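Data block below; observations after.
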Amino acid sequence: MRQLLLSVSIAAALGVLASGCQGNQAAPVANQAHPASAKATAEKIVDEHSYAQPDKVRITDIALDLAVNFDAKTLSGSATYTLNWVDKAATQLVLDTRDLTISKAEGLAADGTWSELKFALSDKDKVLGSALTIETPTRPAKVRVSYVTSPEASGLQWLAPSMTEGGKQPFMFSQSQQIHARSWVPLQDTPQVRFTYSAHVTAPKDAMVLMSADNDPNAVRDGDYSFKMPQKIPSYLLAIAAGDLVFKPISARSGVWAEPTMVNKAEHEFEDTEKMITTAEGLYGPYRWGRYDLLVLPPTFPYGGMENPRLTFATPTVIVGDKSLVSLVAHELAHSWSGNLVTFATDKDSWLNEGTTTYVQSRITEALYGRDMADMEEVIDRDELKQEFKTLDPKLQRLSLKPGTLADPDDQSSATVYVKGAWFLQFLEKRFGRDVFDPWLKSYFDHFSFQSITTQQFRDYLKTNLIDKHPNIVSMQEVDQWLYAPGIPADAPKVESGKFATVNAARIAWQGSEQLPNKAVTEAWSTQEWVHFLESMPATLKPAQLTQLDAAYHFTGTPNGEIAMRWYPLAERSGYTAAREEMGKFIERVGRRKLILPIYKALVATPDGLAFAEAAFAKAKPSSHPITAGSVQAILDAAKGKPSTPAPAPTASQPRVVGGPLKAPLVEDPARPPAHPAPASK
C-alpha cells in the first residue's frame, strides 16, 4: 500500500488496564508499557504497533464463526485460536482490539470442555486500540473469544444500496492493512505472526460472502458460507466482503467477482490477468496460492487495490474500457511473491513488501508491454520521489526505519517504501546483471516463503548469497547506504525515456505557439505520456489555454480518474471554472483518496473554492469511507484554520500503470498516493 507521511509524533504512553471491564475481569496488568516505547534487540523482533507478545504465545490458526448484520452494521460471533505456547511459563494471552465489545473468553480443557477465562480490556489508545488480556494459567491449546464489532469499525465499511453500483442491495467490505484487522477480529495484529484460518459466515440469503480464502466460483448464494485459508498469512491480509456479487471466469484459475452491472466490464478489462500470472511465474517461480481472483468493490473503496491473498480487492476507477489502468493487477499480483509470500516483520521494514513489489511489477510490465513502458513509469515515479524528498524528514527517507520513527504504522513515505525500495533492487540488478540477480531474487522468495522477516535478515541473505558469491561488484557499504541512509545514492542507476522527450517537445512547442501537437502524434500516446504531459505543465495556465486543451482532449468529465486527479487541480488553480460542475460530480461519486484529495487541496486554496468543496463534501460524506471522510475533513479544517487530526493514511498496495495507448489520457499508480505532502492513498 502507498501512503504519505501524516505525522511523526509518538503516541502517549498506555495506562493500566481499565478497572471497569466487561465480562469476567482479570486483575489489571501493572505497568504495561506502550508498545511504541519498546526497544528492538538483536534477539527479539519488536512490533511497536501491537500489544501482542508472540515471544510468549503465538496464534497458529483462527476459526471464525460470524454473522453479518447489515441493519446493525456489525459482525458478531466468535474467534477460536489454536495456540503455540512458546514460553512454557506464560500465563496470559494478549490480543489487539479496536472498538470491539467482548462478551466472553473461554479456554479448552484437556477433557474437551470449555471453561470461562478472566479477561480485561485496557483503555483505548487512538492508534493502537485496546489490549485484550486473557488470563490463561493452564496454557490451553485453544482459546475462544465471543465479540461484536462496532458500526464504526475502522476496518469495515457498510454501504446502503444507494452507495453501490447496482443500487439494490447493501454491501460490506473490510480493509485490514495496516492495523485495522483488530477492529473486526481480536487477534495478534502484527505481521510477524502468521496463521491459517477457517470461517463459517452467515448473512442474508441475497448476499454473497467472500473472503481472502478458497472462494468457490460455483458457490450457491444461500446465506451460509464456509472458507479455509490453508497457507499461513499475517493479520493484515484477513479480508471479508458481502453483497450482490456474481462471478465471471478469466482462466481456469482466475476470474472476477463484481456486482452484476459491473462484472462484464470488469472481466473484459482484466482479461490479461492469466498472462500476468504466467509472466510472474516465469520470473520468480510458481504461484503458490491456488486461485487468483479479483473483487471489484463499489466506488467508495478508498484505495486502488489491496493484495488480499486469492482475492485482490480492486477499485472500479481502473475500469475505463481500454485496459490503460490494469497495472493495478500487476502490482497486486506481484504481492503474491513480495509481501504475501515473504512479508515484512514490522512496519519499520515496509519497503520489503512495497519496494520489492514495485520492482517485480516493473518486470511484469516490461515483459508484457515493453521496456519503453517500464522506463516511462520509472521516470514518473522518480520525478515524484525527487519532489517529495525536497521536504521529507530525512529520517523517513531510510528504507529501514529506526525504532520510534512512526507513531502510526500508516505514517510512511510512499516515495521511500515504493520507489526507493524498487530503485535499490534495480541498482543490484544493473550491477550484477539479470542472469545473476534474477536467480538470486527467486531464491530469496523460496528461502523465506511464508515467513515474516526484517531488513537485517534480508541484508544477511543478500550478503551470503549474492555479494559474497560475486565479489568486487557491490560492497556492503553501498548496500548499507541504500538501506540506512537518507536520500538516493549518487551512483543510483539513471533512466530516461525517449518517448517523454517527444512529449516535452510537443508541450514546449504548444506553450510557445499555442499550436496543439499533431493529432496523429497524440492519438498514439500511452497513458504514461499523457501523465507526463499534464504533470510537466506549469502550476497555472491561462483560462484560454485550458479551454483549448479541453476542447481537443475532453479532460473535463473524463471517466479516467488519473486524468481527473491531474486536470481538475490544474483547472482550479488556473481559474478555469468551466470544469467545476464535472469536478463536483467526480468528488461526490468517487471515494478513492488518491484521486480526490489533490482536487480538494486545490479547491480550498481560495474562499470560493473552499465553499464549493464544503458543499460537494456534504453530498459525498454519507457514502464516504471513514478514512476518506476523515482525510477530506482534515483538508477542510486546515483551510479554515481549525486544528484537525489527520485520518490514517491507507496502506494497500497499488501498482503502477501498464497497458496500451490511451485515447482519453491518463493513468494511475493504484498503490501510491500523490507526492508529499498530500495524504497518501493506496
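In the C-alpha cells, chains take the letters A, B, ... in the order shown, each chain's residues start at 1, and ligands count up from 1 in the order shown.
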Contacts of range 487-497 of chain A at 10 Å or less, counting only C-alpha atoms, minus same-chain residues fewer than 6 places along, as a VMD selection string? chain A and resid 371 to 380 382 385 to 386 389 to 390 392 394 to 399 416 420 423 to 424 426 to 431 478 to 479 481 503 529
Using 12 Å as the limit and counting only C-alpha atoms, can you tabulate each residue of range 373-464 of chain A that touches range 338-358 of chain A, with its shortest atom-to-atom distance in Å and the two atoms involved, as CSV?
residue,atom,partner,partner_atom,distance
A:Ala374,CA,A:Thr358,CA,11.0
A:Glu377,CA,A:Thr358,CA,10.5
A:Glu378,CA,A:Thr358,CA,9.9
A:Asp381,CA,A:Thr358,CA,10.3
A:Lys395,CA,A:Lys348,CA,11.5
A:Leu396,CA,A:Lys348,CA,10.0
A:Gln397,CA,A:Trp351,CA,11.0
A:Arg398,CA,A:Trp351,CA,9.6
A:Leu399,CA,A:Trp351,CA,6.1
A:Ser400,CA,A:Asp349,CA,5.3
A:Leu401,CA,A:Lys348,CA,5.0
A:Lys402,CA,A:Lys348,CA,7.1
A:Pro403,CA,A:Lys348,CA,7.3
A:Gly404,CA,A:Lys348,CA,9.1
A:Thr405,CA,A:Lys348,CA,8.1
A:Leu406,CA,A:Lys348,CA,7.9
A:Ala407,CA,A:Asp347,CA,10.9
A:Asp408,CA,A:Asp347,CA,9.4
A:Pro409,CA,A:Asp347,CA,6.0
A:Asp410,CA,A:Asp347,CA,8.5
A:Asp411,CA,A:Asp347,CA,9.7
A:Gln412,CA,A:Ser350,CA,8.5
A:Ser413,CA,A:Ser350,CA,10.0
A:Ser414,CA,A:Glu354,CA,8.9
A:Ala415,CA,A:Gly355,CA,9.5
A:Thr416,CA,A:Trp351,CA,7.5
A:Val417,CA,A:Trp351,CA,4.2
A:Tyr418,CA,A:Gly355,CA,4.3
A:Val419,CA,A:Gly355,CA,6.3
A:Lys420,CA,A:Gly355,CA,6.9
A:Gly421,CA,A:Gly355,CA,3.9
A:Ala422,CA,A:Gly355,CA,4.5
A:Trp423,CA,A:Gly355,CA,7.9
A:Phe424,CA,A:Gly355,CA,8.3
A:Leu425,CA,A:Thr356,CA,7.3
A:Gln426,CA,A:Thr356,CA,9.8
A:Leu441,CA,A:Thr356,CA,9.7
A:Lys442,CA,A:Ser338,CA,10.4
A:Ser443,CA,A:Val342,CA,11.5
A:Tyr444,CA,A:Val342,CA,8.6
A:Phe445,CA,A:Val342,CA,6.3
A:Asp446,CA,A:Val342,CA,8.7
A:His447,CA,A:Val342,CA,9.0
A:Phe448,CA,A:Val342,CA,5.8
A:Ser449,CA,A:Leu341,CA,5.2
A:Phe450,CA,A:Leu341,CA,4.9
A:Gln451,CA,A:Val342,CA,5.6
A:Ser452,CA,A:Thr343,CA,4.4
A:Ile453,CA,A:Ala345,CA,4.7
A:Thr454,CA,A:Ala345,CA,5.5
A:Thr455,CA,A:Asp349,CA,6.0
A:Gln456,CA,A:Asp349,CA,9.4
A:Gln457,CA,A:Ala345,CA,10.1
A:Phe458,CA,A:Leu352,CA,8.4
A:Arg459,CA,A:Leu352,CA,10.9
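Among the candidate residues A:Val68, A:Ala241, A:Ala266, A:Val320, the one lying nearest to Val201 in chain A is A:Val68, with distances computed using only C-alpha atoms.
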Contact residues around Ala242 in chain A with only C-alpha atoms at 12 Å, ignoring same-chain residues under 6 positions, as a PyMOL selection string: chain A and resi 67-70+73+75+156-159+164+169-174+201-211+221+223-225+257-259+295-298
Just list the residues in range 69-164 of chain A DSSP gives strand (DSSP E or B) on the backbone, as a ChimeraX atom specification. /A:69,74-84,92-97,101-108,114-116,119-122,125,129-135,142-148,156-159
Per DSSP on the backbone, filter range 390-534 of chain A down to the residues in helix (DSSP H, G or I) and report them as a ChimeraX atom specification. /A:394-396,414-432,434-447,455-467,476-484,498-513,519-522,527-534
Grab the CA of Arg310 in chain A to CA of Arg253 in chain A distance for me, in Å with one decimal place. 9.9 Å
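When only C-alpha atoms are used to measure the gap to Lys124 in chain A, the shortest distance among A:Thr97, A:Gln178, A:Asn465, A:Ser146 belongs to A:Thr97.
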Do you have, as a tab-separated table, the list of residues of range 128-193 of chain A lying at most 10 Å from range 44-47 of chain A, each with its nearest atom pair and that distance in Å to one decimal, counting only C-alpha atoms and ordered by chain then number?
residue	atom	partner	partner_atom	distance
A:Asp189	CA	A:Asp47	CA	9.6
A:Thr190	CA	A:Asp47	CA	6.8
A:Pro191	CA	A:Asp47	CA	8.6
A:Gln192	CA	A:Asp47	CA	8.1
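Among the candidate residues A:Thr606, A:Thr540, A:Asn560, A:Ser50, the one lying nearest to Pro316 in chain A is A:Asn560, with distances computed using only C-alpha atoms.
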Quick one: residues within 9 Å of range 514-522 of chain A, only C-alpha atoms, excluding same-chain residues fewer than 6 positions away - as a VMD selection string? chain A and resid 503 506 to 507 529 to 530 545 548 to 549 552 663
Show me, as CSV, the residues of range 63-92 of chain A having an atom within 12 Å of range 227-236 of chain A, each with the closest atom pair and its distance in Å, using only C-alpha atoms.
residue,atom,partner,partner_atom,distance
A:Ala63,CA,A:Lys228,CA,9.0
A:Leu64,CA,A:Phe227,CA,9.4
A:Asp65,CA,A:Phe227,CA,10.5
A:Leu66,CA,A:Phe227,CA,11.7
Would you kindly return, as a VMD selection string, each protein, DNA or RNA residue with an atom no farther than 10 Å from any atom of Pro137 in chain A, considering only C-alpha atoms and excluding same-chain residues fewer than 5 positions away? chain A and resid 89 to 93 117
Print the selection's residues with N, CA and C atoms to a file, as a PDB file, in the first residue's frame.
ATOM      1  N   ALA A  89       6.149 -20.810  30.635  1.00  0.00           N
ATOM      2  CA  ALA A  89       5.783 -20.207  31.914  1.00  0.00           C
ATOM      3  C   ALA A  89       4.759 -19.085  31.744  1.00  0.00           C
ATOM      4  N   ALA A  90       4.393 -18.766  30.517  1.00  0.00           N
ATOM      5  CA  ALA A  90       3.454 -17.671  30.265  1.00  0.00           C
ATOM      6  C   ALA A  90       2.070 -18.028  30.790  1.00  0.00           C
ATOM      7  N   THR A  91       1.356 -17.022  31.289  1.00  0.00           N
ATOM      8  CA  THR A  91       0.014 -17.262  31.835  1.00  0.00           C
ATOM      9  C   THR A  91      -1.023 -16.278  31.297  1.00  0.00           C
ATOM     10  N   GLN A  92      -0.691 -15.568  30.230  1.00  0.00           N
ATOM     11  CA  GLN A  92      -1.630 -14.626  29.633  1.00  0.00           C
ATOM     12  C   GLN A  92      -1.564 -14.702  28.109  1.00  0.00           C
ATOM     13  N   LEU A  93      -2.700 -14.470  27.481  1.00  0.00           N
ATOM     14  CA  LEU A  93      -2.786 -14.269  26.042  1.00  0.00           C
ATOM     15  C   LEU A  93      -3.216 -12.826  25.817  1.00  0.00           C
ATOM     16  N   LEU A 117     -12.713 -17.836  31.034  1.00  0.00           N
ATOM     17  CA  LEU A 117     -11.450 -17.274  31.481  1.00  0.00           C
ATOM     18  C   LEU A 117     -11.642 -15.807  31.819  1.00  0.00           C
TER      19      LEU A 117
END
